[in-house]
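Student: Shown below is the structure under consideration.
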Amino acid sequence: MKFRMLLWALGLMMKKASKNNPDFQKQLVGKDFAFQIQTQDGSAARHYIVKDDRIKSKGGAAKDPAFSISFKDAETGLYIMTAKDKNAFMKGIQEKDIKIDGDLSLVMWFQTIVKYVKPKPKKKK
């Protein structure tokens, strides 16, 4: 359940950034494709549509995604996507906890845009 909420929240944050963040918006120019993030068994899946310099998301799998990132299970996906360790994603690939299908250049693009949607650290008082 937490993994599904994370995927939903990611879509919400990307949608907001596509409207309000000029740096994020620059990364969307000329892009027109769908991608998805899911568990390997497909029990949790969400796809994201990049079109007209915006991103929106929908529950479930896409018909023909440009790429998909599949985690071994929801718990692994939640752990890796929220890890403070910057190498968690690469470790997940090496340990076969993550499977990537499709256009690897777009996966790299996705990894560069995620930095624009991460919540900002709270200021200490």
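By order of appearance in the structure tokens: chains A, B, ..., then residues from 1 within every chain, and ligands from 1 in the order shown.
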Running DSSP on the backbone, which parts of chain A land in helix (DSSP H, G or I), as an MDAnalysis selection string?
Tutor: chainID A and resid 2:20 22:28 74:82 88:94 104:116
Student: What's the 10 Å shell around Leu12 of chain A, counting only C-alpha atoms, without same-chain residues fewer than 5 positions away, as a ChimeraX atom specification?
Tutor: /A:6-7,17-18,55-57,117
Student: For the structure I just gave you, how does DSSP split segment 3-111 of chain A - specifically, which residues are strand (DSSP E or B)? Reply as a ChimeraX atom specification.
Tutor: /A:33-39,45-51,54-59,67-71,98-102
Student: Restricting it to N, CA and C atoms, dump the selection as a JSON list (two decimals), in the first residue's frame.
Tutor:
[["chain", "number", "residue", "atom", "x", "y", "z"],
["A", 33, "PHE", "N", 5.93, 10.56, -24.56],
["A", 33, "PHE", "CA", 5.99, 9.13, -24.32],
["A", 33, "PHE", "C", 5.37, 8.82, -22.96],
["A", 34, "ALA", "N", 5.19, 7.55, -22.70],
["A", 34, "ALA", "CA", 4.72, 7.09, -21.40],
["A", 34, "ALA", "C", 5.78, 6.16, -20.82],
["A", 35, "PHE", "N", 5.86, 6.14, -19.49],
["A", 35, "PHE", "CA", 6.72, 5.19, -18.82],
["A", 35, "PHE", "C", 6.00, 4.69, -17.58],
["A", 36, "GLN", "N", 6.50, 3.60, -17.03],
["A", 36, "GLN", "CA", 5.82, 3.06, -15.86],
["A", 36, "GLN", "C", 6.80, 2.55, -14.83],
["A", 37, "ILE", "N", 6.30, 2.54, -13.60],
["A", 37, "ILE", "CA", 7.02, 1.99, -12.46],
["A", 37, "ILE", "C", 6.08, 0.98, -11.84],
["A", 38, "GLN", "N", 6.62, -0.20, -11.53],
["A", 38, "GLN", "CA", 5.75, -1.29, -11.08],
["A", 38, "GLN", "C", 6.52, -2.32, -10.27],
["A", 39, "THR", "N", 5.78, -3.27, -9.71],
["A", 39, "THR", "CA", 6.40, -4.45, -9.13],
["A", 39, "THR", "C", 6.53, -5.47, -10.26],
["A", 45, "ALA", "N", 1.27, -0.96, -10.04],
["A", 45, "ALA", "CA", 1.81, -0.32, -11.24],
["A", 45, "ALA", "C", 1.17, 1.06, -11.41],
["A", 46, "ARG", "N", 1.97, 1.98, -11.89],
["A", 46, "ARG", "CA", 1.47, 3.31, -12.23],
["A", 46, "ARG", "C", 2.25, 3.77, -13.44],
["A", 47, "HIS", "N", 1.57, 4.42, -14.37],
["A", 47, "HIS", "CA", 2.28, 4.94, -15.53],
["A", 47, "HIS", "C", 2.16, 6.46, -15.57],
["A", 48, "TYR", "N", 3.14, 7.04, -16.23],
["A", 48, "TYR", "CA", 3.29, 8.49, -16.28],
["A", 48, "TYR", "C", 3.36, 8.88, -17.75],
["A", 49, "ILE", "N", 2.59, 9.89, -18.10],
["A", 49, "ILE", "CA", 2.49, 10.33, -19.49],
["A", 49, "ILE", "C", 3.16, 11.69, -19.62],
["A", 50, "VAL", "N", 4.18, 11.75, -20.48],
["A", 50, "VAL", "CA", 4.90, 12.99, -20.74],
["A", 50, "VAL", "C", 4.44, 13.47, -22.11],
["A", 51, "LYS", "N", 3.78, 14.63, -22.12],
["A", 51, "LYS", "CA", 3.23, 15.15, -23.37],
["A", 51, "LYS", "C", 2.93, 16.63, -23.20],
["A", 54, "ARG", "N", 4.19, 18.59, -20.11],
["A", 54, "ARG", "CA", 3.57, 18.30, -18.83],
["A", 54, "ARG", "C", 3.71, 16.81, -18.53],
["A", 55, "ILE", "N", 3.49, 16.45, -17.27],
["A", 55, "ILE", "CA", 3.45, 15.04, -16.87],
["A", 55, "ILE", "C", 2.17, 14.82, -16.09],
["A", 56, "LYS", "N", 1.49, 13.74, -16.43],
["A", 56, "LYS", "CA", 0.35, 13.30, -15.63],
["A", 56, "LYS", "C", 0.51, 11.81, -15.40],
["A", 57, "SER", "N", -0.20, 11.28, -14.42],
["A", 57, "SER", "CA", -0.07, 9.86, -14.13],
["A", 57, "SER", "C", -1.43, 9.20, -14.01],
["A", 58, "LYS", "N", -1.41, 7.89, -14.21],
["A", 58, "LYS", "CA", -2.62, 7.09, -14.09],
["A", 58, "LYS", "C", -2.25, 5.76, -13.46],
["A", 59, "GLY", "N", -3.19, 5.21, -12.71],
["A", 59, "GLY", "CA", -2.95, 3.91, -12.12],
["A", 59, "GLY", "C", -2.92, 2.82, -13.17],
["A", 67, "PHE", "N", 9.66, 2.97, -21.47],
["A", 67, "PHE", "CA", 10.47, 2.16, -20.55],
["A", 67, "PHE", "C", 9.64, 1.82, -19.33],
["A", 68, "SER", "N", 10.07, 0.76, -18.65],
["A", 68, "SER", "CA", 9.44, 0.41, -17.39],
["A", 68, "SER", "C", 10.53, 0.04, -16.39],
["A", 69, "ILE", "N", 10.26, 0.42, -15.15],
["A", 69, "ILE", "CA", 11.14, 0.07, -14.04],
["A", 69, "ILE", "C", 10.32, -0.85, -13.14],
["A", 70, "SER", "N", 10.78, -2.09, -13.00],
["A", 70, "SER", "CA", 10.06, -3.09, -12.22],
["A", 70, "SER", "C", 10.89, -3.48, -11.00],
["A", 71, "PHE", "N", 10.29, -3.33, -9.84],
["A", 71, "PHE", "CA", 10.96, -3.72, -8.59],
["A", 71, "PHE", "C", 10.54, -5.14, -8.22],
["A", 98, "ILE", "N", 15.84, -4.85, -9.33],
["A", 98, "ILE", "CA", 15.21, -3.93, -10.27],
["A", 98, "ILE", "C", 15.46, -4.46, -11.68],
["A", 99, "LYS", "N", 14.41, -4.47, -12.47],
["A", 99, "LYS", "CA", 14.52, -4.85, -13.88],
["A", 99, "LYS", "C", 14.07, -3.66, -14.72],
["A", 100, "ILE", "N", 14.85, -3.32, -15.71],
["A", 100, "ILE", "CA", 14.52, -2.20, -16.59],
["A", 100, "ILE", "C", 14.29, -2.73, -17.99],
["A", 101, "ASP", "N", 13.19, -2.32, -18.59],
["A", 101, "ASP", "CA", 12.87, -2.68, -19.97],
["A", 101, "ASP", "C", 12.67, -1.40, -20.76],
["A", 102, "GLY", "N", 13.11, -1.40, -22.01],
["A", 102, "GLY", "CA", 12.86, -0.25, -22.88],
["A", 102, "GLY", "C", 14.07, 0.64, -23.07]]
Student: Which is closest to Trp8 of chain A among A:Gly42, A:Pro22, A:Gly30, A:Gly60, if we use only C-alpha atoms?
Tutor: A:Gly60
Student: Which distance in Å separates atom CA of Ile80 of chain A and atom CA of Phe24 of chain A, to one decimal?
Tutor: 22.5 Å
Student: Could you please determine the separation between atom CA of Val114 of chain A and atom CA of Gln94 of chain A in Å, to one decimal place?
Tutor: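 Computing it gives 20.7 Å between the two atoms.
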Student: Quote the spacing between atom CA of Asp52 of chain A and atom CA of Asp32 of chain A in Å to one decimal place.
Tutor: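 Taking atom CA of Asp52 of chain A as the start and atom CA of Asp32 of chain A as the end point, the length is 7.2 Å.
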Student: Which one is closest to Asp64 of chain A: A:Asp103, A:Ile93, A:Ala9, A:Met108? Count only C-alpha atoms.
Tutor: A:Asp103
Student: For Met5 of chain A, which residue out of A:Leu106, A:Met90, A:Leu28, A:Ala44 is the nearest one, using only C-alpha atoms?
Tutor: A:Ala44
Student: Pick the closest to Leu78 of chain A from A:Met14, A:Gly92, A:Asp53, A:Tyr116: which is it, counting only C-alpha atoms?
Tutor: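 Going through A:Met14, A:Gly92, A:Asp53, A:Tyr116 one by one, the smallest distance to Leu78 of chain A is for A:Gly92.
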Student: For Met81 of chain A, which residue out of A:Lys15, A:Lys63, A:Lys118, A:Lys96 is the nearest one, using only C-alpha atoms?
Tutor: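 Using only C-alpha atoms, Met81 of chain A sits closest to A:Lys118.
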